[in-house]
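Right, one structure below, let's go through it.
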Amino acid sequence: MSQTRAQDLAAAYALAPGAWDEMRNASGEIRPAWARFGRVLERYDETALEAVQRKTERLLRESGVTYNVYSDPRGEHRLWALDPIPLILNEDEWAGIEAGLVQRAELLDRILTDLYGRQRVFKDGLLPPEVVYAHGGFLRACVKAPFPGSHRLMFYAADLARGPDGRMWVLGDRSQAPSGVGYALENRTTLTRVLPGVFRDCRVKRLSAFFRHLRQSLADLSPSSVREPLIVVLTPGPRNETYFEHSYLSTYLGLVLAQGDDLTVRGGRVWLKTLEGLQPVDVILRRVDDHYCDPLALRPDSRLGVPGLVEAARRGRIAVVNPLGSSVLENPALLPFLPRLCKVLLAQEPALPSVATWWCGQKSERGYVLANLERLVVKPIHRGSGTGSVFGADLSKAELESWRERIRARPDLYVGQEAVSFSTTPALVQGRLEPRHAILRSFVVGGDSGYQAMPGGLTRVSTGPGDFLVSNQVGSISKDTWVVGENADQHSSLWLDAATSQGLPGADAPLPSRAADSMFWVGRYGERLENFARLLRVILARLSEFDEFGDAVYRRALGQLLPALTLASGTGPGFVGKGHASRIANPYPTLLELALASDQPGSIATTLNAMVQSAYAVRELWSADTWRQIEQVGDNWRHDGVNPTLDRESLRRRLDALLSGLAGFSGLTLESMSRTPAWVFLDMGRRIERGQFLCTVGGACLVWPQERTVDSLVMESLLSVSESLIDYRRRYRARMRGPEVLEQLLFEAQSPRSLLYQLAQLERHAESLPRRSPGRGLSEPGALLLDASTGLRLARNAIVAEAGRSTAKRDTLNEVLERTGELLRRTSDALSRAFFDHLQTSASLSPSPGAVR
């Protein structure tokens, strides 16, 4: 590949005909805002730029930055796309844009307040009522609902594009739950690592002051006079396209991430279901669309919202950001009326013009749209209508006529807009700079001190040259947006001043019951994977030994280990059901399917996917290194299905890599996580799973003794699976006898792999869990675990003696293992009833001590 210098790259950058280009003017000269970055580019040739692009992708992958494109089979594992070449704006130009954004936010805030209040805009003839009432975002249930802040529209975003004349235009407004601010922050964080020192050299404005203002403004909204308001981010859940952002923002701002089922309304207040009981919620930063927020008052089929939320808001007991019903401002039919509204409500001319729009509910405007349909873009006034934008230029004559009939039937539901041409900006495509059309989403936050705009925002560019469709759902690529100036920006800490801090939830924030549930199952799935992989690896070793030596001892040992694998993994019929004899005679195809089949319940592939999904549901609880480890474990095992040509050695290497990754994850959680309830449930899940595995495998392999050589091989295999072989050899030297093996696997109090150790740790954890009814003896999980550990200790002498003198069935061992396994299962169920029941009625939950205010 040629080592093209940056000057040559810029010279080869061809301007798109008729479009304003952000980097170069019509004469081909570099614009002043890009001058410093142009000098930075001189350090990079084509190969170096490709390396920058690869590093960007690697950092995003390691950080688990994703965006769910619903039509993409990768789902929530689709990597966020970031172009390392930023969009650059001069601070003087940005000052004008910022003033226009603040003005527009003030205007929309006054309109929103009036629409849900006195409705003077209708009475004074400033706005036709049909524009609002025909829009699905106007919620009559929220009329007259109070809002505690100085701005009802607290969080606002505008999509901007520069036209051929160089002027910025507003394409659309985002007012109900604007997305992208977290991705803008992640883009900035990533580029500071990809291009170290460049931000200082280019004097880029920082983002921390904006997020500080956002966090302080949220705290100031609390309707109650508490020092530490509880603020939650209401998310639709892990399958939402921007769930990464919800998790990222909640962690960055120190908020609690909650789904609708984590909240309940009781006595006109919103409460968070936590391990300690109900905690009162003061502020909700919602990422759920209006209609889904309350199945009682709004959309009855919603599973994402909180029943009674509208009533709580009407009582003024909860601040919802943005308020329910604010999506009415996203109505494009408002755009042609904004200039007059701005003059009347603000006594100002609009600083940022909107794209030319004609509402079809007016006769003359409708006539213009129908006559010029082939040159316009037709949009429904409500984005939730199921119909997207339609470009008239792309329609046939028959389709144009069909759309004319549709508009004539319900003219109030449609607008026509000018088909605008966006400016282009350089994008890095395979090491070369190419022009791509760009849209900038800018963000504004309102507080007691007024509105403040983020310097820059989230830029998105089209995927191909000449494309004007810019949307994340069609694969558009994001960019960081730099506002550069003459002077270096002063550092502004994200942390609130101690004297004025509202005490936002931090390290001791309440843990929602759903999060505890997810942590518990991450522990269970992780341990299940490890047990399955270790047992499968030992079985592969026994198969190889049988092939090499041909000794029937290995075959008879496999006759016990293979059924144990099926029983422990729950992947029947396998090696125990109908036709098991033939599968035991030729086990490798079945073993390969149990390892790799993504459609086989209980396989390594499906269990690993379940673990990653459970971990993703509590993304905000993992450190960056821990999440990186989870992602790597999942990525290293993903495949396209069972490969029948994969040989045993290749499968063994994959198992080794999986176990190494799981060991890294366990080490990070052991050494890096505070011993909060989240970690306790993670460890309880792990130890319940380990205990049940020992009971199941021990029952399958140790209850019926075989001849001495077979018994020795089976016992050695189980010691290897439980990571206890080295300890056993150090303690008992060269002897391999049943009593000693049972001592090591079941009763060794210092071994973190023994059954008794699991029960002891579980008892300790059960004692540490929050108690909703203190002073009433042991909890149900604690009583079950005490029963299990007591029974195991009492049977110790009988089990050991039985193993030493009998070649018949070990009845005591069989009874104890079955009973202990059943008690562990009941313990898991008891924990679920006590802490993980998301559908508890209000009557079954009580406020935690001191929670009522």
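In the structure tokens, the first chain shown is A, the next is B, and so on; residue numbers restart at 1 for each chain, and ligands run from 1 in the order shown.
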**Report entry** Selection: 12 Å around segment 594-601 of chain A, only C-alpha atoms, excl. self and same-chain fewer than 5 positions, as a PyMOL selection string
**Finding:** chain A and resi 529+532-537+540+562+565-566+569-575+587-589+606-610+637-644+646+648+651-652+654-655+658
Filtering to C-alpha atoms, could you give me those residues as a PDB file, in the first residue's frame?
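And here is the file that came out, part_36.pdb:
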ATOM      1  CA  LEU A 529     -20.098 -23.026  32.111  1.00  0.00           C
ATOM      2  CA  PHE A 532     -19.452 -28.154  31.980  1.00  0.00           C
ATOM      3  CA  ALA A 533     -16.222 -27.125  30.230  1.00  0.00           C
ATOM      4  CA  ARG A 534     -13.995 -28.864  32.801  1.00  0.00           C
ATOM      5  CA  LEU A 535     -15.971 -32.090  32.664  1.00  0.00           C
ATOM      6  CA  LEU A 536     -16.038 -32.028  28.865  1.00  0.00           C
ATOM      7  CA  ARG A 537     -12.297 -31.428  28.751  1.00  0.00           C
ATOM      8  CA  LEU A 540     -11.979 -35.593  25.778  1.00  0.00           C
ATOM      9  CA  LEU A 562     -20.701 -39.347  29.919  1.00  0.00           C
ATOM     10  CA  LEU A 565     -22.248 -34.858  31.753  1.00  0.00           C
ATOM     11  CA  THR A 566     -25.825 -35.202  30.499  1.00  0.00           C
ATOM     12  CA  SER A 569     -25.885 -30.041  32.008  1.00  0.00           C
ATOM     13  CA  GLY A 570     -29.544 -31.000  31.641  1.00  0.00           C
ATOM     14  CA  THR A 571     -29.017 -31.815  27.962  1.00  0.00           C
ATOM     15  CA  GLY A 572     -30.998 -35.060  27.792  1.00  0.00           C
ATOM     16  CA  PRO A 573     -31.556 -37.511  26.268  1.00  0.00           C
ATOM     17  CA  GLY A 574     -27.819 -37.386  25.533  1.00  0.00           C
ATOM     18  CA  PHE A 575     -25.984 -40.234  27.208  1.00  0.00           C
ATOM     19  CA  PRO A 587     -19.652 -39.940  21.767  1.00  0.00           C
ATOM     20  CA  TYR A 588     -17.729 -37.210  19.923  1.00  0.00           C
ATOM     21  CA  PRO A 589     -20.520 -35.975  17.576  1.00  0.00           C
ATOM     22  CA  THR A 606     -26.521 -21.268  24.862  1.00  0.00           C
ATOM     23  CA  THR A 607     -25.346 -21.107  28.481  1.00  0.00           C
ATOM     24  CA  LEU A 608     -22.637 -18.619  27.547  1.00  0.00           C
ATOM     25  CA  ASN A 609     -25.191 -16.499  25.697  1.00  0.00           C
ATOM     26  CA  ALA A 610     -27.471 -16.580  28.752  1.00  0.00           C
ATOM     27  CA  TRP A 637     -16.794 -18.602  21.635  1.00  0.00           C
ATOM     28  CA  ARG A 638     -19.315 -17.199  19.163  1.00  0.00           C
ATOM     29  CA  HIS A 639     -19.603 -19.181  15.963  1.00  0.00           C
ATOM     30  CA  ASP A 640     -21.964 -19.973  13.123  1.00  0.00           C
ATOM     31  CA  GLY A 641     -23.083 -23.363  14.437  1.00  0.00           C
ATOM     32  CA  VAL A 642     -21.692 -26.837  14.860  1.00  0.00           C
ATOM     33  CA  ASN A 643     -18.655 -27.549  12.722  1.00  0.00           C
ATOM     34  CA  PRO A 644     -18.597 -31.340  12.244  1.00  0.00           C
ATOM     35  CA  LEU A 646     -13.679 -29.639  14.294  1.00  0.00           C
ATOM     36  CA  ARG A 648     -10.808 -32.950  19.464  1.00  0.00           C
ATOM     37  CA  LEU A 651     -12.210 -28.266  20.699  1.00  0.00           C
ATOM     38  CA  ARG A 652      -9.914 -28.779  23.692  1.00  0.00           C
ATOM     39  CA  ARG A 654     -11.350 -23.690  22.700  1.00  0.00           C
ATOM     40  CA  LEU A 655     -12.313 -25.104  26.091  1.00  0.00           C
ATOM     41  CA  LEU A 658     -13.041 -20.423  27.625  1.00  0.00           C
TER      42      LEU A 658
END
**Report entry** Atomic distance atom CA of Val131 of chain A - atom CA of Leu341 of chain A, expressed in Å with one decimal
**Finding:**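 Result for atom CA of Val131 of chain A versus atom CA of Leu341 of chain A: 13.9 Å, one decimal.
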Which residues come within 9 Å of Leu49 of chain A, counting only C-alpha atoms, excluding same-chain residues fewer than 6 positions away, as a compact mmCIF listing (two decimals) with N, CA, C and O atoms, in the first residue's frame?
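Produced file out02.txt, reproduced below:
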# COMPACT_ATOMS: atom_id res chain seq x y z
N LEU A 41 -2.91 15.90 11.06
CA LEU A 41 -3.00 14.86 10.03
C LEU A 41 -1.67 14.65 9.31
O LEU A 41 -1.42 13.57 8.77
N PRO A 84 -12.92 8.11 13.38
CA PRO A 84 -11.98 8.89 14.20
C PRO A 84 -11.74 10.31 13.69
O PRO A 84 -11.12 11.11 14.40
N LEU A 428 -13.23 8.80 7.27
CA LEU A 428 -12.12 7.90 7.00
C LEU A 428 -12.67 6.58 6.48
O LEU A 428 -13.35 5.84 7.20
N GLN A 430 -11.34 3.21 4.71
CA GLN A 430 -10.21 2.37 4.31
C GLN A 430 -8.93 3.19 4.12
O GLN A 430 -8.22 3.06 3.12
N GLY A 431 -8.67 4.03 5.10
CA GLY A 431 -7.43 4.81 5.09
C GLY A 431 -7.47 6.06 4.25
O GLY A 431 -6.47 6.79 4.18
N ARG A 432 -8.57 6.36 3.60
CA ARG A 432 -8.68 7.55 2.74
C ARG A 432 -9.81 8.45 3.22
O ARG A 432 -10.77 7.97 3.82
**Report entry** Selected residue, from A:Leu112, A:Val69, A:Ile439, A:Ala51, that lies nearest to Met168 of chain A when counting only C-alpha atoms
**Finding:**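 Counting only C-alpha atoms, the residue closest to Met168 of chain A is A:Ile439.
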Requested in this report: Identify, with DSSP run on backbone atoms, the residues in segment 61-294 of chain A assigned to helix (DSSP H, G or I), and express the list as number ranges by chain.
Outcome: A: 61-62, 75-77, 91-115, 120-123, 129-133, 140-142, 181-194, 198-202, 208-220, 243-253, 260-262, 290-292
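Residue nearest Thr189 of chain A, chosen from A:Ile284, A:Leu82, A:Met611, A:Val256 and counting only C-alpha atoms: A:Leu82.
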Query raised in the report: With only C-alpha atoms as the basis for distance, which of A:Leu682, A:Met673, A:Leu745, A:Leu755 is at the shortest distance from Gly526 of chain A?
Result: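 Residue with the minimum atom-to-atom distance to Gly526 of chain A: A:Leu682.
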Requested in this report: Identify which of the residues A:Ala81, A:Ala409, A:Ala33, A:Ala157 lies closest to Thr463 of chain A, counting only C-alpha atoms when measuring atom-to-atom distances.
Outcome: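 The shortest atom-to-atom distance to Thr463 of chain A comes from A:Ala81.
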Query raised in the report: Between A:Arg317, A:Thr190, A:Asp262, A:Asn636, which one has atoms that come closest to Arg303 of chain A, using only C-alpha atoms?
Result: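 Result for the nearest residue to Arg303 of chain A: A:Asp262.
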Requested in this report: Once DSSP has gone over the backbone, tell me which residues of segment 191-440 of chain A are in strand (DSSP E), as a PyMOL selection string.
Outcome: chain A and resi 231-234+256-258+263-266+269-274+277-280+283-286+319-321+357-359+376-380+390-391+414-418+424-429+432-440
Requested in this report: Check the smallest atom-to-atom distance from each of A:Asn372, A:Ser402, A:Thr235, A:Gln103 to Val306 of chain A using only C-alpha atoms, then report the winner.
Outcome: A:Thr235
**Report entry** Point-to-point distance in Å for atom CA of Ser27 of chain A and atom CA of Ser462 of chain A
**Finding:** 24.2 Å
Report task. Please provide the set of residues having any atom within 7 Å of Leu87 of chain A, restricted to only C-alpha atoms, with same-chain residues fewer than 4 positions apart removed, written as a list in words. Result ->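 Answer for this query is Thr425, Lys479, Asp480, Thr481 and Trp482 of chain A.
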Query - Near-Phe747 of chain A list (9 Å; only C-alpha atoms; drop same-chain fewer than 6 positions) as a PyMOL selection string - result: chain A and resi 754-757+792-793+796
Requested write-out: all heavy atoms of the selected residues, as a tab-separated table (two decimals), in the first residue's frame:
chain	number	residue	atom	x	y	z
A	754	SER	N	-15.00	-27.76	47.85
A	754	SER	CA	-15.75	-28.84	48.50
A	754	SER	C	-17.20	-28.45	48.71
A	754	SER	O	-17.56	-27.26	48.76
A	754	SER	CB	-15.11	-29.20	49.85
A	754	SER	OG	-15.40	-28.22	50.82
A	755	LEU	N	-18.04	-29.46	48.87
A	755	LEU	CA	-19.47	-29.21	49.08
A	755	LEU	C	-19.72	-28.52	50.41
A	755	LEU	O	-20.54	-27.59	50.49
A	755	LEU	CB	-20.23	-30.55	49.01
A	755	LEU	CG	-21.75	-30.47	49.17
A	755	LEU	CD1	-22.37	-29.55	48.14
A	755	LEU	CD2	-22.36	-31.87	49.09
A	756	LEU	N	-19.02	-28.92	51.46
A	756	LEU	CA	-19.21	-28.31	52.77
A	756	LEU	C	-18.81	-26.84	52.75
A	756	LEU	O	-19.46	-25.99	53.38
A	756	LEU	CB	-18.41	-29.07	53.83
A	756	LEU	CG	-18.70	-28.69	55.28
A	756	LEU	CD1	-20.15	-28.98	55.65
A	756	LEU	CD2	-17.76	-29.44	56.23
A	757	TYR	N	-17.76	-26.51	52.00
A	757	TYR	CA	-17.32	-25.12	51.89
A	757	TYR	C	-18.40	-24.26	51.21
A	757	TYR	O	-18.66	-23.13	51.62
A	757	TYR	CB	-16.02	-25.05	51.10
A	757	TYR	CG	-15.39	-23.68	51.08
A	757	TYR	CD1	-14.46	-23.31	52.05
A	757	TYR	CD2	-15.71	-22.75	50.09
A	757	TYR	CE1	-13.87	-22.05	52.03
A	757	TYR	CE2	-15.13	-21.50	50.05
A	757	TYR	CZ	-14.22	-21.16	51.04
A	757	TYR	OH	-13.64	-19.90	51.02
A	792	LEU	N	-25.17	-32.91	56.15
A	792	LEU	CA	-23.92	-33.37	55.55
A	792	LEU	C	-22.89	-33.69	56.62
A	792	LEU	O	-22.21	-34.73	56.57
A	792	LEU	CB	-23.39	-32.30	54.59
A	792	LEU	CG	-22.12	-32.64	53.82
A	792	LEU	CD1	-22.34	-33.84	52.91
A	792	LEU	CD2	-21.64	-31.44	53.01
A	793	ARG	N	-22.77	-32.83	57.64
A	793	ARG	CA	-21.80	-33.09	58.70
A	793	ARG	C	-22.16	-34.35	59.50
A	793	ARG	O	-21.28	-35.16	59.84
A	793	ARG	CB	-21.75	-31.88	59.64
A	793	ARG	CG	-21.06	-30.66	59.06
A	793	ARG	CD	-20.89	-29.60	60.13
A	793	ARG	NE	-20.14	-28.45	59.66
A	793	ARG	CZ	-20.69	-27.35	59.15
A	793	ARG	NH1	-22.01	-27.28	59.06
A	793	ARG	NH2	-19.94	-26.35	58.73
A	796	ARG	N	-21.16	-37.58	57.82
A	796	ARG	CA	-19.77	-37.69	57.38
A	796	ARG	C	-19.16	-39.04	57.74
A	796	ARG	O	-18.59	-39.73	56.88
A	796	ARG	CB	-18.95	-36.57	58.02
A	796	ARG	CG	-17.47	-36.60	57.69
A	796	ARG	CD	-16.79	-35.41	58.28
A	796	ARG	NE	-15.41	-35.27	57.85
A	796	ARG	CZ	-14.65	-34.21	58.06
A	796	ARG	NH1	-15.17	-33.16	58.71
A	796	ARG	NH2	-13.40	-34.17	57.65
Query raised in the report: So how far away is atom CA of Gly267 of chain A from atom CA of Phe138 of chain A, in Å?
Result: 26.4 Å
Report task. Would you mind listing what lies within 10 Å of Ser224 of chain A as a list of chain:residue names, with only C-alpha atoms counted and same-chain residues fewer than 3 positions away left out? Result ->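 My list of contacting residues is A:Pro148, A:Asp220, A:Leu221, A:Arg227, A:Glu228, A:Pro229, A:Val281, A:Asp282, A:Val283, A:Gly316, A:Arg317, A:Ile318, A:Ala319, A:Arg853.
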Query raised in the report: Which neighbours of Pro380 of chain A fall inside 10 Å, counting only C-alpha atoms, when residues of the same chain fewer than 6 positions from it are skipped, and could you give them as a PyMOL selection string?
Result: chain A and resi 135+331-333+386-390+407+411-416
